[in-house]
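Asker: my_file_12.txt (compact mmCIF, C-alpha atoms and all ligand atoms) pasted underneath:
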# COMPACT_ATOMS: atom_id res chain seq x y z
CA MET A 1144 52.12 -34.96 62.25
CA ALA A 1145 54.65 -32.33 61.29
CA VAL A 1146 56.45 -29.46 62.92
CA LEU A 1147 55.95 -26.41 60.69
CA PRO A 1148 58.25 -23.38 60.28
CA ILE A 1149 57.01 -20.30 62.18
CA THR A 1150 56.93 -16.92 60.45
CA VAL A 1151 58.57 -14.02 62.30
CA LEU A 1152 57.93 -10.27 62.43
CA GLY A 1153 58.57 -8.85 58.97
CA ALA A 1154 56.75 -11.65 57.15
CA PRO A 1155 53.82 -9.93 55.35
CA ILE A 1156 51.32 -12.69 56.19
CA LEU A 1157 51.47 -11.74 59.88
CA ARG A 1158 49.86 -8.40 58.94
CA GLU A 1159 47.12 -9.78 56.69
CA GLU A 1160 43.46 -10.46 57.46
CA THR A 1161 42.56 -14.17 57.52
CA VAL A 1162 39.73 -15.89 55.64
CA PRO A 1163 36.79 -17.39 57.59
CA VAL A 1164 36.50 -21.18 57.41
CA ALA A 1165 33.12 -22.48 56.15
CA VAL A 1166 33.69 -26.22 56.56
CA VAL A 1167 36.19 -28.07 58.75
CA THR A 1168 37.83 -30.56 56.38
CA ASP A 1169 40.24 -33.41 57.19
CA GLU A 1170 43.01 -31.24 55.72
CA LEU A 1171 42.20 -28.46 58.21
CA ARG A 1172 42.06 -30.94 61.11
CA GLN A 1173 45.52 -32.10 60.03
CA LEU A 1174 46.70 -28.49 59.91
CA ALA A 1175 45.40 -27.92 63.46
CA SER A 1176 47.14 -31.08 64.62
CA ASP A 1177 50.42 -29.91 63.05
CA MET A 1178 49.96 -26.50 64.70
CA PHE A 1179 49.62 -28.16 68.12
CA GLU A 1180 52.82 -30.11 67.51
CA THR A 1181 54.63 -26.99 66.32
CA MET A 1182 53.42 -24.98 69.31
CA GLN A 1183 54.64 -27.64 71.72
CA VAL A 1184 58.09 -27.84 70.11
CA ALA A 1185 58.29 -24.03 70.20
CA ASP A 1186 57.24 -24.03 73.88
CA GLY A 1187 54.16 -21.89 73.27
CA VAL A 1188 50.60 -21.89 74.58
CA GLY A 1189 48.88 -20.54 71.47
CA LEU A 1190 49.49 -20.43 67.72
CA ALA A 1191 47.53 -18.83 64.87
CA ALA A 1192 47.45 -19.95 61.23
CA PRO A 1193 49.34 -16.93 59.81
CA GLN A 1194 52.24 -17.92 62.06
CA VAL A 1195 52.61 -21.08 59.99
CA GLY A 1196 52.06 -19.29 56.69
CA ARG A 1197 48.33 -20.03 56.33
CA ARG A 1198 45.39 -17.68 55.76
CA GLU A 1199 42.60 -19.73 57.34
CA ARG A 1200 40.92 -18.13 60.38
CA LEU A 1201 42.20 -20.81 62.77
CA CYS A 1202 44.14 -20.82 66.00
CA VAL A 1203 45.07 -23.44 68.57
CA VAL A 1204 45.49 -22.88 72.30
CA GLU A 1205 46.78 -25.14 75.06
CA VAL A 1206 46.88 -23.77 78.58
CA GLU A 1207 47.26 -26.38 81.32
CA ALA A 1208 44.41 -28.88 80.81
CA THR A 1209 42.52 -26.73 78.28
CA ARG A 1210 43.22 -27.61 74.65
CA LEU A 1211 41.20 -25.72 72.04
CA THR A 1212 41.03 -25.76 68.23
CA LEU A 1213 39.19 -22.59 67.22
CA PHE A 1214 37.91 -21.76 63.75
CA ASN A 1215 36.51 -18.24 63.18
CA PRO A 1216 36.85 -17.30 66.88
CA GLU A 1217 35.30 -14.02 67.97
CA ILE A 1218 35.05 -12.28 71.31
CA VAL A 1219 31.38 -11.93 72.26
CA ALA A 1220 31.79 -10.58 75.82
CA ARG A 1221 34.49 -8.86 77.88
CA ALA A 1222 34.89 -7.88 81.53
CA GLY A 1223 37.55 -6.04 83.54
CA ARG A 1224 41.07 -4.98 82.65
CA ILE A 1225 44.39 -6.74 83.27
CA LYS A 1226 48.04 -6.08 82.46
CA TRP A 1227 50.04 -9.08 81.26
CA GLU A 1228 53.62 -9.48 80.09
CA GLU A 1229 53.36 -11.10 76.67
CA GLY A 1230 55.72 -12.58 74.17
CA CYS A 1231 54.98 -14.13 70.80
CA LEU A 1232 56.36 -17.14 68.95
CA SER A 1233 56.70 -14.81 65.94
CA ILE A 1234 58.81 -12.23 67.84
CA PRO A 1235 61.21 -14.50 69.77
CA ASN A 1236 62.92 -13.25 72.93
CA THR A 1237 60.95 -9.99 72.89
CA PHE A 1238 58.43 -9.09 75.57
CA GLY A 1239 56.07 -6.29 76.53
CA THR A 1240 53.26 -5.63 78.99
CA VAL A 1241 49.87 -5.40 77.31
CA ASP A 1242 46.59 -4.03 78.65
CA ARG A 1243 43.87 -6.66 77.98
CA SER A 1244 40.39 -7.56 79.08
CA GLU A 1245 40.56 -9.58 82.29
CA GLU A 1246 37.91 -12.04 81.14
CA VAL A 1247 36.59 -12.83 77.68
CA THR A 1248 33.94 -15.08 76.19
CA VAL A 1249 34.89 -16.46 72.80
CA ARG A 1250 32.54 -18.09 70.30
CA ALA A 1251 34.09 -20.34 67.67
CA MET A 1252 33.70 -23.52 65.66
CA ASN A 1253 35.64 -26.51 66.98
CA GLU A 1254 37.42 -29.28 65.05
CA HIS A 1255 34.09 -31.12 64.66
CA GLY A 1256 32.38 -28.11 63.11
CA GLU A 1257 30.34 -27.47 66.28
CA THR A 1258 29.78 -23.99 67.70
CA ILE A 1259 31.37 -23.61 71.13
CA GLU A 1260 31.68 -20.81 73.68
CA VAL A 1261 34.58 -20.51 76.10
CA THR A 1262 34.81 -18.03 78.98
CA ALA A 1263 38.33 -17.57 80.35
CA ASP A 1264 40.52 -15.27 82.42
CA GLY A 1265 44.19 -15.33 83.42
CA LEU A 1266 46.69 -16.76 80.93
CA LEU A 1267 43.99 -18.51 78.89
CA GLY A 1268 41.96 -15.31 78.57
CA VAL A 1269 45.03 -13.32 77.50
CA CYS A 1270 46.10 -16.07 75.11
CA LEU A 1271 42.68 -16.09 73.41
CA GLN A 1272 42.84 -12.32 72.87
CA HIS A 1273 46.41 -12.54 71.55
CA GLU A 1274 45.57 -15.32 69.07
CA ILE A 1275 42.40 -13.64 67.82
CA ASP A 1276 44.48 -10.50 67.21
CA HIS A 1277 46.81 -12.62 65.03
CA LEU A 1278 43.82 -13.64 62.91
CA HIS A 1279 43.28 -9.95 62.07
CA GLY A 1280 46.90 -9.06 61.34
CA LYS A 1281 47.49 -7.57 64.77
CA LEU A 1282 50.45 -8.26 67.08
CA PHE A 1283 50.96 -7.61 70.79
CA ILE A 1284 53.42 -4.82 70.02
CA ASP A 1285 50.53 -2.84 68.48
CA HIS A 1286 49.00 -2.49 71.96
CA LEU A 1287 52.11 -0.85 73.46
CA SER A 1288 52.70 2.86 73.94
CA PHE A 1289 54.87 4.60 71.33
CA LEU A 1290 57.94 4.62 73.60
CA LYS A 1291 57.50 1.05 74.79
CA ARG A 1292 56.91 -0.17 71.27
CA ARG A 1293 60.08 1.58 70.12
CA SER A 1294 62.15 -0.11 72.83
CA VAL A 1295 60.62 -3.53 72.07
CA LEU A 1296 61.33 -3.08 68.35
CA ALA A 1297 64.92 -2.11 69.19
CA ALA A 1298 65.27 -5.39 71.09
CA TRP A 1299 63.80 -7.20 68.09
CA GLU A 1300 66.33 -5.57 65.74
CA LYS A 1301 69.04 -7.52 67.58
CA GLU A 1302 67.08 -10.76 67.29
CA LYS A 1303 65.79 -10.69 63.75
CA GLY A 1304 69.17 -11.17 62.08
CA ARG A 1305 68.93 -14.77 63.22
CA TYR A 1306 66.00 -15.34 60.87
CA PRO A 1307 67.21 -14.30 57.40
CA LYS A 1308 64.25 -16.03 55.69
CA LEU A 1309 61.83 -14.67 58.32
CA LEU A 1310 61.24 -18.24 59.47
CA ARG A 1311 61.95 -20.22 62.62
CA VAL A 1312 62.80 -23.74 61.48
CA PHE A 1313 62.86 -26.47 64.11
CA GLY A 1314 64.64 -29.80 64.20
CA PRO A 1315 67.85 -31.18 62.65
CA GLY A 1316 69.26 -28.82 60.04
CA GLY A 1317 66.93 -26.08 61.28
CA THR A 1318 67.85 -22.54 62.08
CA GLU A 1319 66.29 -22.32 65.51
CA PRO A 1320 68.80 -20.74 67.94
CA GLU A 1321 69.05 -21.42 71.62
CA PRO A 1322 66.91 -19.11 73.79
CA THR A 1323 68.90 -16.13 75.04
CA THR A 1324 66.96 -14.42 77.82
CA GLU A 1325 65.84 -15.22 81.33
CA HIS A 1326 62.33 -15.34 79.91
CA ALA A 1327 63.22 -18.37 77.86
CA ALA A 1328 61.52 -20.82 80.18
CA GLU A 1329 58.23 -18.90 80.18
CA PRO A 1330 55.46 -20.06 77.87
CA ARG A 1331 55.18 -17.99 74.73
CA ILE A 1332 51.89 -16.98 73.12
NI NI A 1401 51.76 -14.46 69.01
Please express what this file holds, its structure, as structure tokens.

Answerer:
Amino acid sequence: MAVLPITVLGAPILREETVPVAVVTDELRQLASDMFETMQVADGVGLAAPQVGRRERLCVVEVEATRLTLFNPEIVARAGRIKWEEGCLSIPNTFGTVDRSEEVTVRAMNEHGETIEVTADGLLGVCLQHEIDHLHGKLFIDHLSFLKRRSVLAAWEKEKGRYPKLLRVFGPGGTEPEPTTEHAAEPRI
């Protein structure tokens, strides 16, 4: 197990398309395991491979008792609309309200290479949409209106100086700062 550095906004990989996974290897299961550990240390509920510098189409999600390793996830059904205040482990201490589907059904391959389908609403449903966006180079800020996006990016301008290598590094000798906003205790996607 290892806690991996998390890429932050400005790192090119966050804007790149990922590559579908054909076979779930032991190396990829280890990567997923490391992503869970990283997500927990970072106090998040979801993490996508580009956020740890990888191009595989893989994300992990843990919301309450639901823990999912998803390879090649895709949304196959949607219902309703919901507004949700989102953050992102790759844009620390920056938040914005995003218009999402209220409920989604996601089809993916799990860590055993089996096809699964998950239908979710609430935080889990939002988290799935947020992570699948990451796998296509999209971030929550892309869903905001021009004005809202500008104000969120202005907030990020004050934050990003803390990450000169565009990485959040956890643990002893790391660069991870203390949280600075009242949102700090909320789970990050
Ligand atoms: Ni995110």

Asker: May I ask you to write as a list in words all residues lying at most 9 Å from ligand NI 1401 (chain A), with all atoms listed in the file counted?

Answerer: Gly1187, Gly1189, Leu1190, Ala1191, Gln1194, Glu1229, Gly1230, Cys1231, Leu1232, Ser1233, Ile1234, Cys1270, His1273, Glu1274, Asp1276, His1277, Leu1282, Phe1283, Arg1331 and Ile1332 of chain A

Asker: Using all atoms listed in the file - which residues lie no farther than 9 Å from the point (40.3, -14.5, 77.9) in the file's frame? Write them as a count of residues only.

Answerer: 21

Asker: Go ahead and compute the interatomic distance for atom CA of Glu1207 of chain A and atom CA of Asp1186 of chain A, in Å to one decimal.

Answerer: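 Atom CA of Asp1186 of chain A lies at a distance of 12.7 Å from atom CA of Glu1207 of chain A.
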
Asker: Can you list every residue of segment 1192-1260 of chain A that has an atom at most 10 Å from segment 1145-1168 of chain A, with its nearest atom pair and the distance in Å to one decimal, using all atoms listed in the file, ordered by chain then number, as CSV?

Answerer:
residue,atom,partner,partner_atom,distance
A:Ala1192,CA,A:Thr1161,CA,8.4
A:Pro1193,CA,A:Leu1157,CA,5.6
A:Gln1194,CA,A:Thr1150,CA,5.1
A:Val1195,CA,A:Ile1149,CA,5.0
A:Gly1196,CA,A:Thr1150,CA,6.6
A:Arg1197,CA,A:Ile1156,CA,7.9
A:Arg1198,CA,A:Thr1161,CA,4.8
A:Glu1199,CA,A:Val1162,CA,5.1
A:Arg1200,CA,A:Pro1163,CA,5.0
A:Leu1201,CA,A:Val1164,CA,7.8
A:Phe1214,CA,A:Val1164,CA,6.5
A:Asn1215,CA,A:Pro1163,CA,5.7
A:Pro1216,CA,A:Pro1163,CA,9.3
A:Cys1231,CA,A:Val1151,CA,9.2
A:Leu1232,CA,A:Ile1149,CA,7.5
A:Ser1233,CA,A:Val1151,CA,4.2
A:Ile1234,CA,A:Leu1152,CA,5.8
A:Pro1235,CA,A:Val1151,CA,7.9
A:Met1252,CA,A:Val1167,CA,8.6
A:Asn1253,CA,A:Val1167,CA,8.4
A:Glu1254,CA,A:Val1167,CA,6.5
A:His1255,CA,A:Val1167,CA,7.0
A:Gly1256,CA,A:Val1167,CA,5.8
A:Glu1257,CA,A:Val1167,CA,9.6

Asker: Go through A:Ala1251, A:Phe1179, A:Val1184, A:Ala1222 and flag the residue nearest Glu1205 of chain A, using all atoms listed in the file for the distances.

Answerer: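 Smallest separation from Glu1205 of chain A among the options: A:Phe1179.
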
Asker: One decimal, in Å: what's the spacing between atom CA of Glu1228 of chain A and atom CA of Val1241 of chain A?

Answerer: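 Separation between atom CA of Glu1228 of chain A and atom CA of Val1241 of chain A: 6.2 Å.
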
Asker: Neighbours of segment 1294-1297 of chain A within 10 Å (all atoms listed in the file; same-chain residues fewer than 2 positions away dropped), as a list in words?

Answerer: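 The residues satisfying every condition are Leu1152, Ile1234, Thr1237, Phe1238, Gly1239, Ile1284, Leu1287, Ser1288, Phe1289, Leu1290, Lys1291, Arg1292, Trp1299, Glu1300, Lys1301, Glu1302 and Lys1303 of chain A.
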
Asker: Calculate how many Å separate atom CA of Asp1169 of chain A from atom CA of Thr1258 of chain A, rounding to one decimal.

Answerer: 17.6 Å

Asker: Kindly indicate which residue among A:Gly1317, A:Ile1225, A:Arg1311, A:Ala1220 lies nearest to Met1182 of chain A, using all atoms listed in the file for the distances.

Answerer: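 Checking each candidate against Met1182 of chain A, we get A:Arg1311 as the closest.
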
Asker: Here is a test: counting all atoms listed in the file, which residue of A:Cys1202, A:Ala1175, A:Leu1278, A:Ala1185 is nearest to Gly1314 of chain A?

Answerer: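 Among the listed residues, the smallest separation from Gly1314 of chain A belongs to A:Ala1185.
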
Asker: Can you report as AutoDock Vina command-line options the centre and edge lengths in Å, to one decimal, of an axis-aligned box around the listed atoms of segment 1213-1221 of chain A padded with 3 Å on each side?

Answerer:
--center_x 35.3 --center_y -15.7 --center_z 70.5 --size_x 13.8 --size_y 19.7 --size_z 20.7
